[in-house]
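Since the structure comes first, as structure tokens, the remarks are kept for the end.
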Amino acid sequence: MALTIAGSDSGGGAGIQADLKTFEAHGVYGASVLTLITAQNTVGVQAVHALPPDLIAAQIRSVLSDFPVAAIKTGALGTAEAVHAVTRALHDWHGPLILDPVMIAKSGDSLLDPAALHALIHHLLPRAALITPNLPEWDALTRAGLHPTAPVLLKGGHAAHAGQPTPTVTDELRLPGQPTLTLSAPRQPTRHTHGTGCTLSAAITAHLALGHALPVAVTRAHAYLQRALHAAPGLGAGHGPLGHRQAGQAEGEDQAGVDRNAGLPA
């Protein structure tokens, strides 16, 4: 099973909601810890309410004291106090932590204050097995003092050339002491991209909970995200949500085909 520590998206496309849908699509039981609540839809964030740090820590302790959590991911934490509460609550837990440094919503609204960024880098990031920033987040992290050799999946969805999005999206998995793993996919012509970062980090977490090595987890999560983008239900007037369940079903069908053909002669 896996645990997500993140914010709530009332529109259901990102945050806790996207994480739990992704866990379920991978056959992984998901638990959740809420850090903040947003009034949010596909066109923007209308309100944000950060939960008290003590309540965040209490949720974490409650889950970890009773459930066999195999992997954890964090999303939007919001404040430095929340970052410190999460760091302290995870002190005695030993397992892979995937940190998605959610700083800005798809709509452009800020979800992490400057003090929280400093706390993230110096207190929670050293605990992480992997961080999953996009290009603007990576730039902000490195300018704020993140060591460039930190284990990172650098997401290339924001890459542009001559002011236009690149036709191919390239992500790079950079792990200390290992060659860079490059994952590329054609940029899909869609506005329905809400929650892509949450979904990718949640899929990585799900695969780690299933016992896969980190490079394998990242590779499979990357493929899942492409299917989820393709299966987007087309909801909302802005950046719509992904097709989490349909992408998981497609993965299961592909794997079933592999299993059926595994013993056949070439």
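Each chain in the structure tokens gets a letter, A, B and so on, in the order shown; residues start at 1 in every chain, and ligands are counted from 1 in the order they appear.
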DSSP-assigned alpha helix (DSSP H) among range 69-111 of chain A, expressed as a ChimeraX atom specification = /A:80-89
If you keep N, CA and C atoms, can you produce a file of those selected residues as a short mmCIF file (atom, residue, chain, number, x, y, z; two decimals), in the first residue's frame?
data_model
loop_
_atom_site.label_atom_id
_atom_site.label_comp_id
_atom_site.auth_asym_id
_atom_site.auth_seq_id
_atom_site.Cartn_x
_atom_site.Cartn_y
_atom_site.Cartn_z
N ALA A 80 5.98 26.36 5.60
CA ALA A 80 7.17 25.81 6.26
C ALA A 80 6.77 24.96 7.46
N GLU A 81 5.76 25.39 8.18
CA GLU A 81 5.30 24.63 9.36
C GLU A 81 4.81 23.25 8.95
N ALA A 82 4.13 23.18 7.83
CA ALA A 82 3.67 21.87 7.33
C ALA A 82 4.84 20.99 6.94
N VAL A 83 5.83 21.57 6.28
CA VAL A 83 7.02 20.81 5.89
C VAL A 83 7.71 20.23 7.13
N HIS A 84 7.87 21.05 8.16
CA HIS A 84 8.51 20.58 9.40
C HIS A 84 7.68 19.49 10.06
N ALA A 85 6.36 19.64 10.05
CA ALA A 85 5.49 18.63 10.67
C ALA A 85 5.61 17.29 9.95
N VAL A 86 5.65 17.33 8.63
CA VAL A 86 5.79 16.10 7.84
C VAL A 86 7.15 15.46 8.10
N THR A 87 8.19 16.26 8.10
CA THR A 87 9.54 15.74 8.33
C THR A 87 9.64 15.04 9.67
N ARG A 88 9.11 15.66 10.72
CA ARG A 88 9.16 15.06 12.06
C ARG A 88 8.32 13.79 12.12
N ALA A 89 7.15 13.80 11.51
CA ALA A 89 6.26 12.64 11.59
C ALA A 89 6.81 11.44 10.84
#
Can you tell me, as a JSON list (two decimals) with N, CA, C and O atoms, in the first residue's frame, what residues are no more than 9 Å from range 127-132 of chain A when counting only C-alpha atoms, ignoring any on the same chain fewer than 6 positions away?
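And here's around17.json as it stands now:
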[["chain", "number", "residue", "atom", "x", "y", "z"],
["A", 87, "THR", "N", 8.19, 16.26, 8.10],
["A", 87, "THR", "CA", 9.54, 15.74, 8.33],
["A", 87, "THR", "C", 9.64, 15.04, 9.67],
["A", 87, "THR", "O", 10.18, 13.93, 9.78],
["A", 95, "GLY", "N", 11.47, 3.94, 4.33],
["A", 95, "GLY", "CA", 10.98, 3.46, 3.05],
["A", 95, "GLY", "C", 11.17, 4.55, 2.01],
["A", 95, "GLY", "O", 11.61, 5.66, 2.33],
["A", 96, "PRO", "N", 10.85, 4.27, 0.74],
["A", 96, "PRO", "CA", 11.06, 5.26, -0.32],
["A", 96, "PRO", "C", 10.04, 6.40, -0.24],
["A", 96, "PRO", "O", 8.82, 6.17, -0.17],
["A", 97, "LEU", "N", 10.55, 7.63, -0.26],
["A", 97, "LEU", "CA", 9.73, 8.83, -0.25],
["A", 97, "LEU", "C", 9.90, 9.55, -1.58],
["A", 97, "LEU", "O", 11.03, 9.89, -1.97],
["A", 98, "ILE", "N", 8.81, 9.76, -2.29],
["A", 98, "ILE", "CA", 8.82, 10.51, -3.54],
["A", 98, "ILE", "C", 8.29, 11.91, -3.24],
["A", 98, "ILE", "O", 7.18, 12.06, -2.71],
["A", 99, "LEU", "N", 9.08, 12.91, -3.56],
["A", 99, "LEU", "CA", 8.71, 14.28, -3.23],
["A", 99, "LEU", "C", 8.41, 15.06, -4.51],
["A", 99, "LEU", "O", 9.29, 15.30, -5.32],
["A", 100, "ASP", "N", 7.14, 15.39, -4.68],
["A", 100, "ASP", "CA", 6.72, 16.24, -5.79],
["A", 100, "ASP", "C", 6.62, 17.67, -5.25],
["A", 100, "ASP", "O", 5.70, 17.98, -4.49],
["A", 101, "PRO", "N", 7.57, 18.54, -5.60],
["A", 101, "PRO", "CA", 7.63, 19.88, -4.99],
["A", 101, "PRO", "C", 6.59, 20.82, -5.60],
["A", 101, "PRO", "O", 6.94, 21.73, -6.36],
["A", 138, "TRP", "N", 12.47, 23.17, -10.87],
["A", 138, "TRP", "CA", 13.89, 22.83, -10.77],
["A", 138, "TRP", "C", 14.74, 24.09, -10.71],
["A", 138, "TRP", "O", 15.69, 24.18, -9.92],
["A", 150, "ALA", "N", 21.25, 16.01, -6.44],
["A", 150, "ALA", "CA", 20.11, 15.37, -5.77],
["A", 150, "ALA", "C", 19.42, 14.41, -6.74],
["A", 150, "ALA", "O", 19.40, 14.64, -7.95],
["A", 151, "PRO", "N", 18.86, 13.31, -6.23],
["A", 151, "PRO", "CA", 18.16, 12.35, -7.11],
["A", 151, "PRO", "C", 16.89, 12.99, -7.67],
["A", 151, "PRO", "O", 15.99, 13.36, -6.91],
["A", 152, "VAL", "N", 16.82, 13.13, -8.97],
["A", 152, "VAL", "CA", 15.73, 13.90, -9.56],
["A", 152, "VAL", "C", 15.20, 13.26, -10.83],
["A", 152, "VAL", "O", 15.96, 12.69, -11.62],
["A", 153, "LEU", "N", 13.89, 13.35, -10.99],
["A", 153, "LEU", "CA", 13.26, 13.12, -12.29],
["A", 153, "LEU", "C", 12.87, 14.49, -12.80],
["A", 153, "LEU", "O", 11.90, 15.09, -12.31],
["A", 154, "LEU", "N", 13.62, 15.01, -13.74],
["A", 154, "LEU", "CA", 13.39, 16.35, -14.27],
["A", 154, "LEU", "C", 12.40, 16.25, -15.42],
["A", 154, "LEU", "O", 12.69, 15.67, -16.47],
["A", 155, "LYS", "N", 11.23, 16.84, -15.21],
["A", 155, "LYS", "CA", 10.14, 16.72, -16.18],
["A", 155, "LYS", "C", 10.22, 17.84, -17.21],
["A", 155, "LYS", "O", 10.37, 19.01, -16.85],
["A", 175, "LEU", "N", 20.17, 9.95, -11.20],
["A", 175, "LEU", "CA", 20.46, 9.37, -9.90],
["A", 175, "LEU", "C", 21.96, 9.38, -9.68],
["A", 175, "LEU", "O", 22.73, 9.07, -10.61],
["A", 197, "GLY", "N", 1.63, 16.16, -13.04],
["A", 197, "GLY", "CA", 2.73, 15.97, -12.09],
["A", 197, "GLY", "C", 2.33, 15.08, -10.93],
["A", 197, "GLY", "O", 3.09, 14.19, -10.51],
["A", 200, "LEU", "N", 2.01, 11.43, -12.22],
["A", 200, "LEU", "CA", 3.29, 10.78, -12.47],
["A", 200, "LEU", "C", 3.96, 10.37, -11.17],
["A", 200, "LEU", "O", 4.42, 9.23, -11.03],
["A", 201, "SER", "N", 4.03, 11.28, -10.21],
["A", 201, "SER", "CA", 4.69, 10.94, -8.94],
["A", 201, "SER", "C", 3.92, 9.87, -8.18],
["A", 201, "SER", "O", 4.52, 9.01, -7.52],
["A", 214, "LEU", "N", 13.63, 1.69, -8.63],
["A", 214, "LEU", "CA", 13.28, 3.06, -8.99],
["A", 214, "LEU", "C", 13.30, 3.31, -10.51],
["A", 214, "LEU", "O", 12.34, 3.89, -11.04]]
What's the 12 Å shell around Phe23 in chain A, counting only C-alpha atoms, without same-chain residues fewer than 6 positions away, as an mmCIF file with C-alpha atoms, in the first residue's frame?
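Generated file (selection_6.cif):
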data_model
loop_
_atom_site.group_PDB
_atom_site.id
_atom_site.type_symbol
_atom_site.label_atom_id
_atom_site.label_comp_id
_atom_site.auth_asym_id
_atom_site.auth_seq_id
_atom_site.Cartn_x
_atom_site.Cartn_y
_atom_site.Cartn_z
ATOM 1 C CA MET A 1 0.000 0.000 0.000
ATOM 2 C CA ALA A 2 0.998 3.620 -0.466
ATOM 3 C CA LEU A 3 0.387 6.922 1.305
ATOM 4 C CA THR A 4 -0.060 10.352 -0.239
ATOM 5 C CA ILE A 16 -5.021 13.759 -3.147
ATOM 6 C CA GLN A 17 -7.809 12.834 -5.541
ATOM 7 C CA TYR A 29 -4.345 0.418 -1.693
ATOM 8 C CA GLY A 30 -4.018 4.130 -0.941
ATOM 9 C CA ALA A 31 -4.167 6.091 2.295
ATOM 10 C CA SER A 32 -4.139 9.879 2.451
ATOM 11 C CA ALA A 71 5.972 3.915 -0.160
ATOM 12 C CA ILE A 72 5.000 7.543 0.408
ATOM 13 C CA LYS A 73 4.684 10.593 -1.804
ATOM 14 C CA CYS A 198 0.646 14.493 -9.280
ATOM 15 C CA THR A 199 -0.289 11.511 -11.432
ATOM 16 C CA LEU A 200 3.291 10.783 -12.472
ATOM 17 C CA SER A 201 4.694 10.938 -8.941
ATOM 18 C CA ALA A 202 1.800 8.850 -7.624
ATOM 19 C CA ALA A 203 2.383 6.205 -10.306
ATOM 20 C CA ILE A 204 6.081 6.050 -9.360
ATOM 21 C CA THR A 205 5.069 5.635 -5.715
ATOM 22 C CA ALA A 206 2.616 2.876 -6.609
ATOM 23 C CA HIS A 207 5.275 0.934 -8.506
ATOM 24 C CA LEU A 208 7.711 1.293 -5.602
ATOM 25 C CA ALA A 209 5.010 -0.031 -3.283
ATOM 26 C CA LEU A 210 4.723 -3.023 -5.621
ATOM 27 C CA ALA A 221 4.925 5.511 -14.531
ATOM 28 C CA TYR A 224 1.072 5.225 -17.620
ATOM 29 C CA HIS A 244 -6.659 7.545 -14.517
ATOM 30 C CA ARG A 245 -8.844 4.439 -14.481
ATOM 31 C CA ALA A 247 -4.991 4.163 -18.313
ATOM 32 C CA GLY A 248 -4.740 1.481 -15.643
#
ask   = Mind pulling up the distance from CA of Thr193 in chain A to CA of Gly240 in chain A?
value =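 According to the coordinates, CA of Gly240 in chain A and CA of Thr193 in chain A are separated by 6.0 Å.
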task = Calculate how many Å separate CA of Arg220 in chain A from CA of Leu20 in chain A, rounding to one decimal.
result =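 Result for CA of Arg220 in chain A versus CA of Leu20 in chain A: 17.4 Å, one decimal.
Minimum atom-to-atom distance to Ile60 in chain A, evaluated using only C-alpha atoms, belongs to A:Thr35 out of A:Thr35, A:Thr42, A:Pro136, A:Ala231.
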inquiry  = Which residues are close to Gly156 in chain A, i.e. within 12 Å by only C-alpha atoms, leaving aside same-chain residues fewer than 3 positions away? Reply as a PyMOL selection string.
reply    = chain A and resi 132-138+153+159-160+165-173+182-187+196-197+222
inquiry  = Need to verify the contact set: Leu235 in chain A, 12 Å, only C-alpha atoms, exclusion of same-chain residues closer than 5 positions in sequence. Can you return it as a list in words?
reply    =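 The neighbour list is Gly11, Gly12, Gly13, Asn41, Thr42, Val43, Thr190, Arg191, His192, Thr193, His194, Gly240, Pro241, Leu242 and Gly243 of chain A.
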query = Out of A:Leu34, A:Ala39, A:Ala47, A:Trp93, which residue has the shortest atom-to-atom distance to Leu64 in chain A when counting only C-alpha atoms?
reply = A:Trp93
request  = Mind the document's chain letters and residue numbers, and return as number ranges by chain the residues of range 21-265 of chain A that DSSP labels strand (DSSP E).
outcome  = A: 30-41, 44-50, 71-74, 97-99, 130-131, 152-154, 160-161, 164-165, 168-174, 181-186
Could you take the residues named above and write them with C-alpha atoms, as a compact mmCIF listing (two decimals), in the first residue's frame?
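Saved as result-v2.txt:
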# COMPACT_ATOMS: atom_id res chain seq x y z
CA GLY A 30 -4.02 4.13 -0.94
CA ALA A 31 -4.17 6.09 2.30
CA SER A 32 -4.14 9.88 2.45
CA VAL A 33 -3.06 12.78 4.64
CA LEU A 34 -4.53 16.19 3.83
CA THR A 35 -2.24 19.21 4.08
CA LEU A 36 -4.43 21.91 2.57
CA ILE A 37 -7.85 22.32 1.01
CA THR A 38 -8.43 24.17 -2.24
CA ALA A 39 -11.52 25.49 -3.96
CA GLN A 40 -10.38 24.58 -7.44
CA ASN A 41 -11.63 23.65 -10.89
CA GLY A 44 -8.17 28.14 -11.54
CA VAL A 45 -7.79 28.06 -7.77
CA GLN A 46 -10.37 30.23 -6.03
CA ALA A 47 -9.35 29.64 -2.39
CA VAL A 48 -6.72 27.80 -0.32
CA HIS A 49 -6.91 26.82 3.34
CA ALA A 50 -3.80 25.30 4.95
CA ALA A 71 5.97 3.91 -0.16
CA ILE A 72 5.00 7.54 0.41
CA LYS A 73 4.68 10.59 -1.80
CA THR A 74 4.26 14.22 -0.88
CA LEU A 97 9.73 8.83 -0.25
CA ILE A 98 8.82 10.51 -3.54
CA LEU A 99 8.71 14.28 -3.23
CA LEU A 130 13.46 11.04 -5.64
CA ILE A 131 12.16 14.53 -6.34
CA VAL A 152 15.73 13.90 -9.56
CA LEU A 153 13.26 13.12 -12.29
CA LEU A 154 13.39 16.35 -14.27
CA ALA A 160 9.93 25.38 -25.38
CA HIS A 161 11.86 26.44 -28.46
CA GLN A 164 6.65 27.34 -28.77
CA PRO A 165 6.28 24.04 -26.88
CA THR A 168 8.66 16.00 -27.95
CA VAL A 169 8.53 15.95 -24.16
CA THR A 170 11.69 14.58 -22.56
CA ASP A 171 12.07 13.63 -18.90
CA GLU A 172 15.45 12.79 -17.36
CA LEU A 173 16.03 10.50 -14.39
CA ARG A 174 19.27 11.58 -12.75
CA LEU A 181 17.80 7.64 -18.06
CA THR A 182 16.01 9.62 -20.78
CA LEU A 183 12.29 9.10 -21.37
CA SER A 184 10.69 10.81 -24.37
CA ALA A 185 7.17 10.93 -25.78
CA PRO A 186 5.41 13.01 -28.45
